[in-house]
Every structure is written in structure tokens, then in C-alpha cells.
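Written out below as C-alpha cells is the structure these notes cover.
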Amino acid sequence: MEQQQQVVTAASTKSIDMAKKVWPFIKNDYAKGHEWKAEGKPVVWSCALVEKEIYYSMGVYPFFPEQFAALCAVRRKGGSRDPAVEKEGVRLARIAEEHGYPTYLCGYHRVGIGYVINEDLSDAPLGGMPRPDFMVTSSTACDVRYKWFEDMARRLKVPLFVLDRPERHEFGFITRRPENNALRYYKTQLEECFAFIEEVTGNPYDPDRLNEVLDWSYRLNELAQEILELRRAVPCPMSCADEFTLMYPWMYKAGTREGYEFYSELRDEIRDRVHRKIGVIPEEKFRLMWVGLPNWFNMAVMNYFEKYGGIFVRSPEYRALPYPARTPDDPVGELAYRYLFAGYGAYGMLNNIDEILKDCEDYLIDGAVLSYLITCRPHAYRQGEVKHVLEERGIPCVSVEGDLVDERTYAEAQVRNRLDAMAEMILKRKGLL
Amino acid sequence: MFEEFRHAIDHRHEIAKEWKERTGKPVMGYLCCVFPEEVLFACGVLPVRIVGDEGTTPHVDGHITPYGCTFCRKCVDLAAQGVYDYLDAVFVSNTCDLVSNLDYWWNELAPREELKIAGVPVRSYVNFFNYPQRITGPNALSYTMNEIRKIQQVAERYTRSFISDEDLKRALEVYDEHNRLMRELHEIRKQSPPPLSGYEAWMVEFAAHFLPKDEHNRLLRNLLEALKDRTDGPEPGIRLYLSASATDQVTSKLIDRIESYGGVVVSEDISVHSSYYWSDYSLDRPPLEAIARFSLSVPCPRSTTADPYQDMRYEHIKRTLTDYDVRGLVFYILMQCECRASEVPYLREKIESELKIPVLFLDSDYFDVDSHKTRTRVEAFLEMLR
Ligand code: SF4
Ligand code: SF4
């Protein structure tokens, strides 16, 4: 659900050419945001799960503290590559801890708050995020998402809007129409959010502009689904190492032409690889799933199994579910319906586990690595159950403990032993060892 | 003076079973202060709060991560053990990250056959109360009323009856009296020394979750009378405010510990009991609306509001400590209770700088509330305040 970031891996990590274009894309995006701010135009800090179309249709430049925290997880001060210089994420998390934030809080939260407490917002990778004029977050996925934003907004003395989204716990939610009560409620929230942005920025809501933006995101989502379909191919044309890197244009630029164009080129590249049967590794022996968000500071683990002929073919974290057809006469209603119908994150454990099981079938999964994010409750709490359910179905699992962005709790050597053991077990089971 | 409350806490399961046996009516369990238990009461159901207990959690280990709140884990573990088998239905509220997913685990680990017609569930054993996370704003009230109607439907289907506005009004009279009496009890703790200790107050409040409210009201009225002449009340101590995660009979040991070291808890903001009784019902409104308004008034740490500059939690703490002559404030957070842990640094800074009240931050696992570390820190804090 969160975000992506430049991976810290050797060249073999990326099999997709487009993945190499992500870092320049991000740098350019940050630079444009800073220019935008310098021109006196409005900037919002927002959570990765809010509909980006709101901002792109309202003339607001969005920045995402979750994405920013992941950026801090891999960068050292001044772009240094000296391992003696601590990562910016660790430095900022420390500032938060010095101010009483417990170490068991979400790393995104600690990094973001440390950054705000630090006051000099430019003292960070890529010049940091421009000072926001306001913030918008949502109730989806975790408590942190609004408790953290409340805290940042108070400290920066800017107004905050929280989009409240009803949860859908009924099994098989995607095939059922959302309830009227939930739909009405969420649509009102969105209308209120547009009105709030109008008031803060002075920029008027324009349904034509919103429709234009929704066209781009609709198409982007179709591409993202096509990519998911293409990635079922054997050999695997694009691994999770690429997937996490390539999230940025999909997740943060939904509703823009550039996001669409980036993904269009990406789709072409993957399609070509599938047609020509080009896999990530020369001889694919087993296929793995990465369940949960990655430890951004150690993306190298995504390539770890390649030496055994293993490849992470899918992570169920980022899912482009099919959007309902466009309804241009009611774009705000469409956004509300779309979220409740195909939205991310608030549909309960049962649906969540069910879709992981379906992915295991669709992507021919032999084993899974569970990212046991000890500081992220929504991800950590379900992992025990995912492990239980997958193992019951004969899919071996290994858990890797750590934080998303704070490398201090990550025990690499211990992890490697467990990963090796799983690789050998799968190879033996397949008669390949 | 407090025996009946103690008894209700210690024998809460037997009391519920015996009530069920005697009345032939359902007992239903719920999690969280925001849950509209009034509706169940109006339907003749006994609503009881689901809480934890001492002991290990063998049934949930391997299912729910240790990095989840142990209070929640323990609640489900008890269900899996069969301790909550007497509940006819269970309601999980959409509150914190952990609680809002307990519906899954309850169903997995303590499943029950449901009534279905043509494969469609008619009466579910585990039900989800989709409470808003933003408790003010244009549609919050109507949305919540509709969600409460679903709770009403569950209660009606289990009792095969229809609840009228008159039934709801009668329930509200009982609950309104309950909240008034609770506030009265809270009010007298302003006295110096207070006529009852923080632990005794906790017992009274906690017992309310397991008794029919009219029965608790009777006990409470008697208690308030008796307290007027009490001569063996607590010794004067250092007056403290406690803001804490789930405080059931396991974690309430902390209150006892604080008081054994010379503190006295005179007011609090605690999940599982004192969070809910601060506002009046809008009795001039239709009863379902009054219930929804009341539910939306609970200053739960996991809620937010539509005010772009809201400071609800600070305002609530400030309001509930004003006039209590509080010398120190203790935050006690269960490990992994993120909605509370994440607000503490901000609240602490503000309480120390604006209210000039020293703050102690404690956190521990659910079973470890009375650890050596906690005791030392409490002692040192009280020493500092002396
Ligand atoms: S707690 Fe987890 S889901 Fe929430 S912001 Fe942190 S990493 Fe993301
Ligand atoms: S103690 Fe905290 S984490 Fe546990 S149930 Fe209560 S609010 Fe949720």
C-alpha cells in the first residue's frame, strides 16, 4: 500500500529497463514540486492511499511522507555512499525517539515526525518535501495514517482533512455492490474534501478537469492490470525487485499523463519479454511470493534466491483491482464507488487472505517470504495467520523481521540462514536438489 | 462497600450465564466504548463487555502475532477456549487496528453455526459495527444511525421481536441515569482526600460492563449514599491523572500499585471504562439519533474529527483533570497500542508546557503491567512529586 524507492542492489537486480528510469522520474518529480512551491502554488502532504486524482484535478502538488520515509531509508546525508554515515531514515527516527516516540511505532511515522521536529525541511534527501499548505489523509489501513498526520499537521500548524472510509468486511467484497449507507457517506467525504481544498487553495473544483484526470487514472489502472496478467507468465518477466521500484508512477502519479505514459512503455516492455520468453533469470526453478511491504533499506533481498534459480514473481501488496466503468456525469460519485468497490486496504482479513491464496494459484507460487514488519501492525498482525494458512496448503514460508525504513532492527545473517534453508527445501521437494 | 462490584468482576461469566438461564434471553458481547449497547438492552438482551484475563494465550499463538496488542489476543484466546461460549452474538467495532480485525479471528478460532436461508446469513454470530473513524462532519450522524440500525436488526432477529421507539426511550432512561451517576461518582473524587481510591472507582466502573445497567444503577445509588458517611476512605496521597490503554482486571493492577506507593488516582481517560460517560443523551431527539450522538461523543484515542485543527484528545484530558487538583499525569500504554502511543509525545509536551503538570510515560505488555521496571519508575515519579 505504501510506496516504492530506489533499490540498493547490484545491476543484476533490475531486469526491466523501465526500472532504471524510475529514479530519474522521482528526482524530476521532487524538483518539479519544489519549483511549483517556489511559484507560490499549493502543496499537500498526503497518505499514499488517498485518491491522487483529487490533487491533480485541483492544481495541488502532492508529496507523500510514506514515500519520503522510504527515500530516507536508502539515502545518506548529502548522497554519501560511505557506510559510516548513517542513513537519513535512521537519523530522523532518532530525532523522534529523542522526543519520546517509542521505537515500536511505525518507522514511517518516526521518520516523518523526526523530519518535522528537525524543522529544516530542506535538510533531507532531494531537498526534502516542500512545506505543505495543508494535509489530507485517510482512515484506511492503519491508525498511524491519521494519528501521524494529525501530529505533523499540528506541529506544522497546517489544516488537515481526514477522509473517512467505511470498511468492507463481507466476504468477496469485490463482487458485491457497496452498501448505500457507505456509498453516501464516502461520497459526502469526498465532496467535503474538494470543498476544503477549494477553501484552502482558492482553486475551484472543475468536474471537466476531474473527468480528464480520471480518464488517465482509469487507463493507468487498466495497464497495471494487464501487467499483473502478463506477470503470470513462465518464465517470470518481471520480479518483485522491479515491482517495488516501479510502483512510483502507478501509486503517486495516477491521474497524470506522465504516469500513464510511463506505464504504457513498461507494459510494452513486459509484453515483449513475455512474447520472447525472456525471464529475469536464465533458468527459473521455483517461484516465490513476497508478502508484505519490503524493508526498503535492503531491497537486495529481492534478488537473493536468484542464485538458487528462485524468483519473487509477485507481491500481493499492490493490487490493481478492476475499476468500475467510468461515469463522467458524476465523477465524485465514481470516485466514491470506485474506492468502495475496488479500493485498497479496508476489506478485512478474510478477503485479504483469500486474495493471497488466489495469487498463489495464479502465479504458481512454490514458497513465500513474509515481511514481518514488527512496527507495522496492519501488516504484522496478519502474517502469523498468512503463514498458518499457506503452510496448511503446503506452501513453505519464512518470516523476515524488521522495520520498513529503520535498519537498526534488521538481523541480516539470521535472515540469510532461513532463506537458504527454504530454498533448499523447495528444490528438494521439486526433485531439483 | 465494594464487595458487590468486586463480585460482579470476579464472577462475570457466571453472572451472565445465570442471567441467561433465569431470563431465557440472549447475552451478547461487544468490544469498545463506542458500541451502542443501549440498543441491545432495549431489546431485552444483556450486553456485556468482552475483556481479557490472566494466563497464557496458547490458542492464538501462531495466529495472531505477538506484535499485536495482547489485550486483544487474550480476548480471542478466551473465546477459543470456550470461555465466551455463553455469548449468543459478538460485536466487533471498527476501532483500532487490532480490534477491527478481531471478527476474522473470532470466526476462525471460535466458529459457530449461523442461521442461513438459501445460503444467505440471516443471523451472524460475529458482527462488525462499522463505526466512523471521523466522528463529526456532515454525514457522520446519519451514517452512524444507519449502522446502529444494523445492530438493532441483529438484536431483533435473535429475540424475534421488534424494538419500538418506546423501548429505546426506556433503555435511554436507564443509561442516562447510569451516566449521571457515574459522573457523580467522578465528581466526588475532586474532594481531598477523595472518598474512594482510584482502584475502587475502577472496580465500580468496570463492574458496569457485566451487570444489567439498571442493576448497576441500584448498586451505584447505594454506594453514593454510603460514601457520604465513609470514614475509612483512602489516605491523602499524591493526586494523579491516569490515561491508559485497555484497563481490565489484569492491567488495573497498575492503579493498585500506584496507590500502594502513595499516589491516588483521582481522574482518568481509560479505554474499557471511563471513556464513555462524559456526555448526556440528547433526550429531546428521536432515541436512535440520541444513541448515535452519544456514541459519536466518545473521545476515543483512535477517533478523529472534521475540524482541520482539532485537538480533541488534549481538550478531553484537560477537561477531565481541571478541578481535580492533579499533581502528576501517568500515561500507561500497552505495547503495540499505537493509537495511544503515537499521541503521547505531543500530549506530553503540551501538558507539561501549558498545564505545568509533570508526566510519566509507561509502557509494557498486558501481562507485565506490574513489572519491576514499572514499579521503580512509578516510585521514582511519586518521589519526585513529593
Ligand atoms: S503502520 Fe504500516 S500501514 Fe500504517 S503507515 Fe506504517 S507502515 Fe504503513
Ligand atoms: S489497548 Fe490499544 S491496541 Fe489494544 S484494543 Fe485497546 S486501543 Fe486497541
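In the C-alpha cells, the first chain shown is A, the next is B, and so on; residue numbers restart at 1 for each chain, and ligands run from 1 in the order shown.
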
Who sits within 10 Å of range 52-54 of chain A, only C-alpha atoms, same chain under 2 positions skipped, as a PyMOL selection string: chain A and resi 46-50+56-62+190+193-194+197+205+209-217+251-256+332+335

Interface, chain A side, toward chain B (9 Å; only C-alpha atoms) as a ChimeraX atom specification: /A:99-102,104-106,109,139,141-144,146-148,150-151,153-155,157-169,181-182,184-186,188-189,192,348-350,374-378,380-388

Non-local contacts of range 279-291 of chain B (7 Å; only C-alpha atoms; under 5 positions in same chain excluded) as a list in words: Pro36, Met145, Asp165, Leu168, Lys169, Asp176 and Ser297 of chain B

Output file for the residues above (all heavy atoms, as a short mmCIF file (atom, residue, chain, number, x, y, z; two decimals), in the first residue's frame):
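To be explicit, this is the file written out as result-v2.cif:
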```cif
data_model
loop_
_atom_site.label_atom_id
_atom_site.label_comp_id
_atom_site.auth_asym_id
_atom_site.auth_seq_id
_atom_site.Cartn_x
_atom_site.Cartn_y
_atom_site.Cartn_z
N PRO B 36 -23.04 0.77 20.57
CA PRO B 36 -24.36 1.21 21.08
C PRO B 36 -25.08 0.11 21.84
O PRO B 36 -26.10 -0.42 21.38
CB PRO B 36 -25.10 1.59 19.79
CG PRO B 36 -24.49 0.71 18.75
CD PRO B 36 -23.06 0.51 19.13
N MET B 145 -26.25 6.34 12.44
CA MET B 145 -27.60 5.85 12.75
C MET B 145 -27.92 4.62 11.91
O MET B 145 -28.49 3.65 12.39
CB MET B 145 -28.63 6.95 12.50
CG MET B 145 -28.63 8.00 13.62
SD MET B 145 -29.60 9.44 13.21
CE MET B 145 -31.25 8.77 13.16
N ASP B 165 -39.64 2.75 19.40
CA ASP B 165 -39.03 3.95 19.96
C ASP B 165 -39.24 4.00 21.48
O ASP B 165 -38.39 4.48 22.22
CB ASP B 165 -39.64 5.20 19.32
CG ASP B 165 -38.85 5.59 18.07
OD1 ASP B 165 -37.97 4.80 17.66
OD2 ASP B 165 -39.11 6.68 17.52
N LEU B 168 -36.66 1.93 23.11
CA LEU B 168 -35.36 2.63 23.11
C LEU B 168 -35.35 3.74 24.16
O LEU B 168 -34.36 3.95 24.86
CB LEU B 168 -35.07 3.22 21.73
CG LEU B 168 -34.68 2.20 20.63
CD1 LEU B 168 -34.65 2.87 19.26
CD2 LEU B 168 -33.32 1.58 20.91
N LYS B 169 -36.49 4.43 24.26
CA LYS B 169 -36.55 5.53 25.24
C LYS B 169 -36.41 4.99 26.65
O LYS B 169 -35.73 5.60 27.49
CB LYS B 169 -37.90 6.27 25.11
CG LYS B 169 -37.85 7.34 24.04
CD LYS B 169 -39.11 8.17 24.05
CE LYS B 169 -39.16 9.02 22.80
NZ LYS B 169 -40.51 9.25 22.32
N ASP B 176 -29.13 6.86 30.78
CA ASP B 176 -28.91 8.27 31.13
C ASP B 176 -28.65 8.38 32.63
O ASP B 176 -27.75 9.07 33.08
CB ASP B 176 -30.14 9.09 30.73
CG ASP B 176 -29.88 10.57 30.87
OD1 ASP B 176 -28.87 11.03 30.29
OD2 ASP B 176 -30.64 11.26 31.57
N SER B 297 -19.88 10.84 20.62
CA SER B 297 -19.26 11.81 21.55
C SER B 297 -18.10 11.19 22.32
O SER B 297 -17.42 11.88 23.07
CB SER B 297 -20.32 12.32 22.54
OG SER B 297 -20.60 11.29 23.48
#
```

Every residue of range 203-339 of chain A that DSSP places in alpha helix (DSSP H), as a ChimeraX atom specification: /A:207-230,240-245,247-252,257-275,331-339

Nearest residue to ligand 1 from the set A:Gly78, A:Pro207, A:Gly202, A:Gly107 (distances using only C-alpha atoms and all ligand atoms):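 Comparing A:Gly78, A:Pro207, A:Gly202, A:Gly107 against ligand 1, the winner is A:Gly107.
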
Exercise: range 358-367 of chain A partners within 12 Å, only C-alpha atoms, chain neighbours under 3 positions left out, as a ChimeraX atom specification: /A:228-237,239,284-291,305,310-319,351-355,370,386-387,389-391,393-399,419,421-430

Of the listed residues A:Ile16, A:Val74, A:Ala96, A:Ala320, that which approaches Glu269 in chain A most closely, counting only C-alpha atoms: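 Closest to Glu269 in chain A, using only C-alpha atoms: A:Ile16.
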
DSSP strand (DSSP E or B) residues within range 256-361 of chain A, listed as a PyMOL selection string: chain A and resi 286-291+310-314

Please produce a file of those selected residues containing all heavy atoms, as an mmCIF file, in the first residue's frame.
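File produced: part-v1.cif:
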```cif
data_model
loop_
_atom_site.group_PDB
_atom_site.id
_atom_site.type_symbol
_atom_site.label_atom_id
_atom_site.label_comp_id
_atom_site.auth_asym_id
_atom_site.auth_seq_id
_atom_site.Cartn_x
_atom_site.Cartn_y
_atom_site.Cartn_z
ATOM 1 N N PHE A 286 12.177 -22.140 -9.232
ATOM 2 C CA PHE A 286 10.998 -22.021 -8.351
ATOM 3 C C PHE A 286 10.562 -20.559 -8.247
ATOM 4 O O PHE A 286 11.316 -19.638 -8.519
ATOM 5 C CB PHE A 286 11.252 -22.651 -6.976
ATOM 6 C CG PHE A 286 12.394 -22.084 -6.179
ATOM 7 C CD1 PHE A 286 12.188 -21.078 -5.244
ATOM 8 C CD2 PHE A 286 13.691 -22.577 -6.356
ATOM 9 C CE1 PHE A 286 13.249 -20.573 -4.493
ATOM 10 C CE2 PHE A 286 14.751 -22.073 -5.605
ATOM 11 C CZ PHE A 286 14.523 -21.070 -4.678
ATOM 12 N N ARG A 287 9.289 -20.418 -7.860
ATOM 13 C CA ARG A 287 8.655 -19.089 -7.882
ATOM 14 C C ARG A 287 8.165 -18.726 -6.473
ATOM 15 O O ARG A 287 7.532 -19.531 -5.795
ATOM 16 C CB ARG A 287 7.489 -19.090 -8.866
ATOM 17 C CG ARG A 287 7.954 -19.305 -10.298
ATOM 18 C CD ARG A 287 6.842 -19.767 -11.207
ATOM 19 N NE ARG A 287 5.794 -18.763 -11.409
ATOM 20 C CZ ARG A 287 5.819 -17.829 -12.371
ATOM 21 N NH1 ARG A 287 6.831 -17.782 -13.219
ATOM 22 N NH2 ARG A 287 4.838 -16.963 -12.494
ATOM 23 N N LEU A 288 8.469 -17.504 -6.097
ATOM 24 C CA LEU A 288 8.177 -17.078 -4.729
ATOM 25 C C LEU A 288 7.272 -15.862 -4.690
ATOM 26 O O LEU A 288 7.197 -15.082 -5.637
ATOM 27 C CB LEU A 288 9.481 -16.713 -4.015
ATOM 28 C CG LEU A 288 10.512 -17.824 -3.858
ATOM 29 C CD1 LEU A 288 11.855 -17.235 -3.460
ATOM 30 C CD2 LEU A 288 10.041 -18.833 -2.827
ATOM 31 N N MET A 289 6.631 -15.739 -3.538
ATOM 32 C CA MET A 289 5.819 -14.546 -3.299
ATOM 33 C C MET A 289 6.447 -13.774 -2.149
ATOM 34 O O MET A 289 6.914 -14.370 -1.171
ATOM 35 C CB MET A 289 4.408 -14.982 -2.923
ATOM 36 C CG MET A 289 3.499 -13.847 -2.529
ATOM 37 S SD MET A 289 1.894 -14.489 -2.035
ATOM 38 C CE MET A 289 1.076 -14.519 -3.608
ATOM 39 N N TRP A 290 6.468 -12.475 -2.260
ATOM 40 C CA TRP A 290 6.894 -11.625 -1.141
ATOM 41 C C TRP A 290 5.602 -11.063 -0.549
ATOM 42 O O TRP A 290 4.889 -10.310 -1.208
ATOM 43 C CB TRP A 290 7.803 -10.496 -1.637
ATOM 44 C CG TRP A 290 8.228 -9.581 -0.520
ATOM 45 C CD1 TRP A 290 7.547 -8.511 -0.032
ATOM 46 C CD2 TRP A 290 9.412 -9.676 0.269
ATOM 47 N NE1 TRP A 290 8.221 -7.937 1.012
ATOM 48 C CE2 TRP A 290 9.368 -8.630 1.217
ATOM 49 C CE3 TRP A 290 10.513 -10.544 0.274
ATOM 50 C CZ2 TRP A 290 10.386 -8.415 2.159
ATOM 51 C CZ3 TRP A 290 11.520 -10.328 1.220
ATOM 52 C CH2 TRP A 290 11.455 -9.283 2.145
ATOM 53 N N VAL A 291 5.306 -11.443 0.696
ATOM 54 C CA VAL A 291 4.050 -10.987 1.291
ATOM 55 C C VAL A 291 4.336 -9.849 2.272
ATOM 56 O O VAL A 291 5.063 -10.040 3.239
ATOM 57 C CB VAL A 291 3.322 -12.130 2.034
ATOM 58 C CG1 VAL A 291 1.969 -11.655 2.538
ATOM 59 C CG2 VAL A 291 3.164 -13.337 1.136
ATOM 60 N N GLY A 310 15.625 -19.237 -7.952
ATOM 61 C CA GLY A 310 14.320 -18.820 -7.417
ATOM 62 C C GLY A 310 14.059 -17.353 -7.720
ATOM 63 O O GLY A 310 14.996 -16.552 -7.802
ATOM 64 N N ILE A 311 12.799 -17.026 -7.877
ATOM 65 C CA ILE A 311 12.482 -15.653 -8.262
ATOM 66 C C ILE A 311 11.189 -15.198 -7.568
ATOM 67 O O ILE A 311 10.225 -15.951 -7.480
ATOM 68 C CB ILE A 311 12.372 -15.581 -9.810
ATOM 69 C CG1 ILE A 311 12.162 -14.155 -10.293
ATOM 70 C CG2 ILE A 311 11.322 -16.484 -10.384
ATOM 71 C CD1 ILE A 311 13.446 -13.451 -10.485
ATOM 72 N N PHE A 312 11.221 -13.990 -7.049
ATOM 73 C CA PHE A 312 9.990 -13.420 -6.467
ATOM 74 C C PHE A 312 9.121 -12.923 -7.611
ATOM 75 O O PHE A 312 9.410 -11.899 -8.227
ATOM 76 C CB PHE A 312 10.326 -12.241 -5.555
ATOM 77 C CG PHE A 312 10.818 -12.650 -4.205
ATOM 78 C CD1 PHE A 312 12.156 -12.521 -3.874
ATOM 79 C CD2 PHE A 312 9.936 -13.155 -3.255
ATOM 80 C CE1 PHE A 312 12.611 -12.898 -2.619
ATOM 81 C CE2 PHE A 312 10.393 -13.538 -1.998
ATOM 82 C CZ PHE A 312 11.733 -13.402 -1.682
ATOM 83 N N VAL A 313 8.054 -13.641 -7.876
ATOM 84 C CA VAL A 313 7.259 -13.258 -9.047
ATOM 85 C C VAL A 313 6.130 -12.301 -8.707
ATOM 86 O O VAL A 313 5.602 -11.610 -9.573
ATOM 87 C CB VAL A 313 6.670 -14.493 -9.770
ATOM 88 C CG1 VAL A 313 7.775 -15.367 -10.305
ATOM 89 C CG2 VAL A 313 5.757 -15.292 -8.875
ATOM 90 N N ARG A 314 5.760 -12.253 -7.420
ATOM 91 C CA ARG A 314 4.589 -11.436 -7.120
ATOM 92 C C ARG A 314 4.588 -11.017 -5.660
ATOM 93 O O ARG A 314 4.939 -11.795 -4.773
ATOM 94 C CB ARG A 314 3.314 -12.267 -7.394
ATOM 95 C CG ARG A 314 2.009 -11.626 -6.975
ATOM 96 C CD ARG A 314 1.545 -10.600 -7.987
ATOM 97 N NE ARG A 314 0.305 -9.955 -7.571
ATOM 98 C CZ ARG A 314 0.206 -8.655 -7.307
ATOM 99 N NH1 ARG A 314 1.225 -7.838 -7.429
ATOM 100 N NH2 ARG A 314 -0.955 -8.133 -6.960
#
```

Surrounding residues of Thr251 in chain B excluding itself and chain neighbours under 2 positions, 10 Å, only C-alpha atoms, as a list in words: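 My list of contacting residues is Gly52, Asp53, Glu54, Phe71, Ala244, Ser245, Ala246, Thr247, Asp248, Gln249, Lys253, Leu254, Ile255, Asp256, Tyr332, Leu334, Ser364, Asp365, Tyr366, Phe367, Asp368, Val369 and Asp370 of chain B.
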
Who sits within 10 Å of range 27-34 of chain B, only C-alpha atoms, same chain under 2 positions skipped, as a ChimeraX atom specification: /B:16-17,19-20,24-25,36-37,40-41,44-51,72,75,84,86-96,99-100,102,125-129,131,155,209-210,246,271-277,292,294-300

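When only C-alpha atoms are used to compute distances to Glu179 in chain A, the closest of the residues A:Tyr347, A:Phe341, A:Tyr410, A:Tyr55 turns out to be A:Phe341.
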
Test item: residues at most 10 Å from Met203 in chain B, only C-alpha atoms, excluding those fewer than 6 positions along its chain, as a ChimeraX atom specification: /B:2-9,197,248-249,252,273

For the residues selected in the previous step, produce a file with all heavy atoms as a tab-separated table (two decimals), in the first residue's frame.
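Heads up, here's the output in out_26.tsv:
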```tsv
chain	number	residue	atom	x	y	z
B	2	PHE	N	-17.59	-2.25	48.52
B	2	PHE	CA	-17.36	-2.51	47.09
B	2	PHE	C	-17.49	-3.99	46.72
B	2	PHE	O	-17.19	-4.38	45.60
B	2	PHE	CB	-15.96	-2.00	46.68
B	2	PHE	CG	-15.83	-0.51	46.85
B	2	PHE	CD1	-15.31	0.02	48.03
B	2	PHE	CD2	-16.27	0.35	45.86
B	2	PHE	CE1	-15.23	1.39	48.21
B	2	PHE	CE2	-16.18	1.72	46.03
B	2	PHE	CZ	-15.66	2.24	47.21
B	3	GLU	N	-17.95	-4.77	47.72
B	3	GLU	CA	-17.96	-6.23	47.50
B	3	GLU	C	-18.79	-6.63	46.29
B	3	GLU	O	-18.41	-7.51	45.52
B	3	GLU	CB	-18.51	-7.00	48.73
B	3	GLU	CG	-17.71	-6.85	50.00
B	3	GLU	CD	-17.96	-5.50	50.65
B	3	GLU	OE1	-19.06	-4.93	50.47
B	3	GLU	OE2	-17.04	-4.99	51.33
B	4	GLU	N	-19.95	-5.98	46.14
B	4	GLU	CA	-20.82	-6.40	45.04
B	4	GLU	C	-20.19	-6.10	43.67
B	4	GLU	O	-20.37	-6.85	42.71
B	4	GLU	CB	-22.18	-5.71	45.15
B	4	GLU	CG	-23.03	-6.34	46.24
B	4	GLU	CD	-24.07	-5.40	46.78
B	4	GLU	OE1	-23.69	-4.28	47.22
B	4	GLU	OE2	-25.26	-5.76	46.76
B	5	PHE	N	-19.45	-5.03	43.64
B	5	PHE	CA	-18.77	-4.69	42.37
B	5	PHE	C	-17.64	-5.69	42.11
B	5	PHE	O	-17.48	-6.19	41.01
B	5	PHE	CB	-18.22	-3.26	42.43
B	5	PHE	CG	-19.29	-2.23	42.63
B	5	PHE	CD1	-19.50	-1.65	43.89
B	5	PHE	CD2	-20.11	-1.85	41.59
B	5	PHE	CE1	-20.50	-0.72	44.08
B	5	PHE	CE2	-21.13	-0.92	41.78
B	5	PHE	CZ	-21.32	-0.35	43.03
B	6	ARG	N	-16.90	-5.97	43.18
B	6	ARG	CA	-15.81	-6.95	43.06
B	6	ARG	C	-16.37	-8.30	42.61
B	6	ARG	O	-15.84	-8.96	41.72
B	6	ARG	CB	-15.14	-7.07	44.45
B	6	ARG	CG	-14.02	-8.03	44.56
B	6	ARG	CD	-12.69	-7.43	44.11
B	6	ARG	NE	-12.32	-7.88	42.78
B	6	ARG	CZ	-11.33	-7.37	42.06
B	6	ARG	NH1	-10.63	-6.35	42.51
B	6	ARG	NH2	-11.07	-7.83	40.88
B	7	HIS	N	-17.48	-8.66	43.21
B	7	HIS	CA	-18.11	-9.94	42.90
B	7	HIS	C	-18.51	-9.98	41.41
B	7	HIS	O	-18.29	-10.98	40.72
B	7	HIS	CB	-19.33	-10.15	43.80
B	7	HIS	CG	-20.00	-11.46	43.57
B	7	HIS	ND1	-21.08	-11.61	42.72
B	7	HIS	CD2	-19.72	-12.70	44.06
B	7	HIS	CE1	-21.43	-12.88	42.70
B	7	HIS	NE2	-20.63	-13.57	43.51
B	8	ALA	N	-19.07	-8.89	40.95
B	8	ALA	CA	-19.51	-8.85	39.54
B	8	ALA	C	-18.32	-9.02	38.59
B	8	ALA	O	-18.42	-9.65	37.54
B	8	ALA	CB	-20.23	-7.54	39.25
B	9	ILE	N	-17.18	-8.46	38.99
B	9	ILE	CA	-15.99	-8.57	38.14
B	9	ILE	C	-15.45	-10.00	38.19
B	9	ILE	O	-15.21	-10.62	37.15
B	9	ILE	CB	-14.90	-7.57	38.61
B	9	ILE	CG1	-15.39	-6.13	38.42
B	9	ILE	CG2	-13.58	-7.81	37.86
B	9	ILE	CD1	-14.52	-5.07	39.08
B	197	SER	N	-10.76	5.38	46.51
B	197	SER	CA	-9.48	5.33	45.80
B	197	SER	C	-9.75	5.18	44.30
B	197	SER	O	-10.86	4.86	43.88
B	197	SER	CB	-8.65	4.16	46.30
B	197	SER	OG	-9.24	2.94	45.86
B	248	ASP	N	-8.38	-3.59	32.14
B	248	ASP	CA	-9.33	-4.57	32.67
B	248	ASP	C	-8.80	-5.08	34.01
B	248	ASP	O	-7.91	-4.47	34.61
B	248	ASP	CB	-9.60	-5.70	31.65
B	248	ASP	CG	-8.33	-6.46	31.29
B	248	ASP	OD1	-7.29	-6.25	31.95
B	248	ASP	OD2	-8.38	-7.28	30.35
B	249	GLN	N	-9.30	-6.24	34.46
B	249	GLN	CA	-8.88	-6.69	35.80
B	249	GLN	C	-7.42	-7.11	35.82
B	249	GLN	O	-6.83	-7.21	36.88
B	249	GLN	CB	-9.83	-7.77	36.34
B	249	GLN	CG	-9.70	-9.13	35.72
B	249	GLN	CD	-10.21	-9.17	34.28
B	249	GLN	OE1	-10.75	-8.18	33.77
B	249	GLN	NE2	-10.02	-10.29	33.62
B	252	SER	N	-5.47	-3.38	35.56
B	252	SER	CA	-5.82	-2.43	36.62
B	252	SER	C	-4.90	-2.57	37.82
B	252	SER	O	-4.93	-1.72	38.72
B	252	SER	CB	-7.27	-2.63	37.05
B	252	SER	OG	-7.44	-3.95	37.51
B	273	HIS	N	-13.14	1.68	30.37
B	273	HIS	CA	-14.25	2.15	31.18
B	273	HIS	C	-14.49	3.64	31.09
B	273	HIS	O	-15.44	4.04	30.45
B	273	HIS	CB	-14.19	1.64	32.61
B	273	HIS	CG	-13.11	2.17	33.45
B	273	HIS	ND1	-13.33	2.84	34.60
B	273	HIS	CD2	-11.77	2.12	33.29
B	273	HIS	CE1	-12.18	3.16	35.14
B	273	HIS	NE2	-11.23	2.74	34.38
```
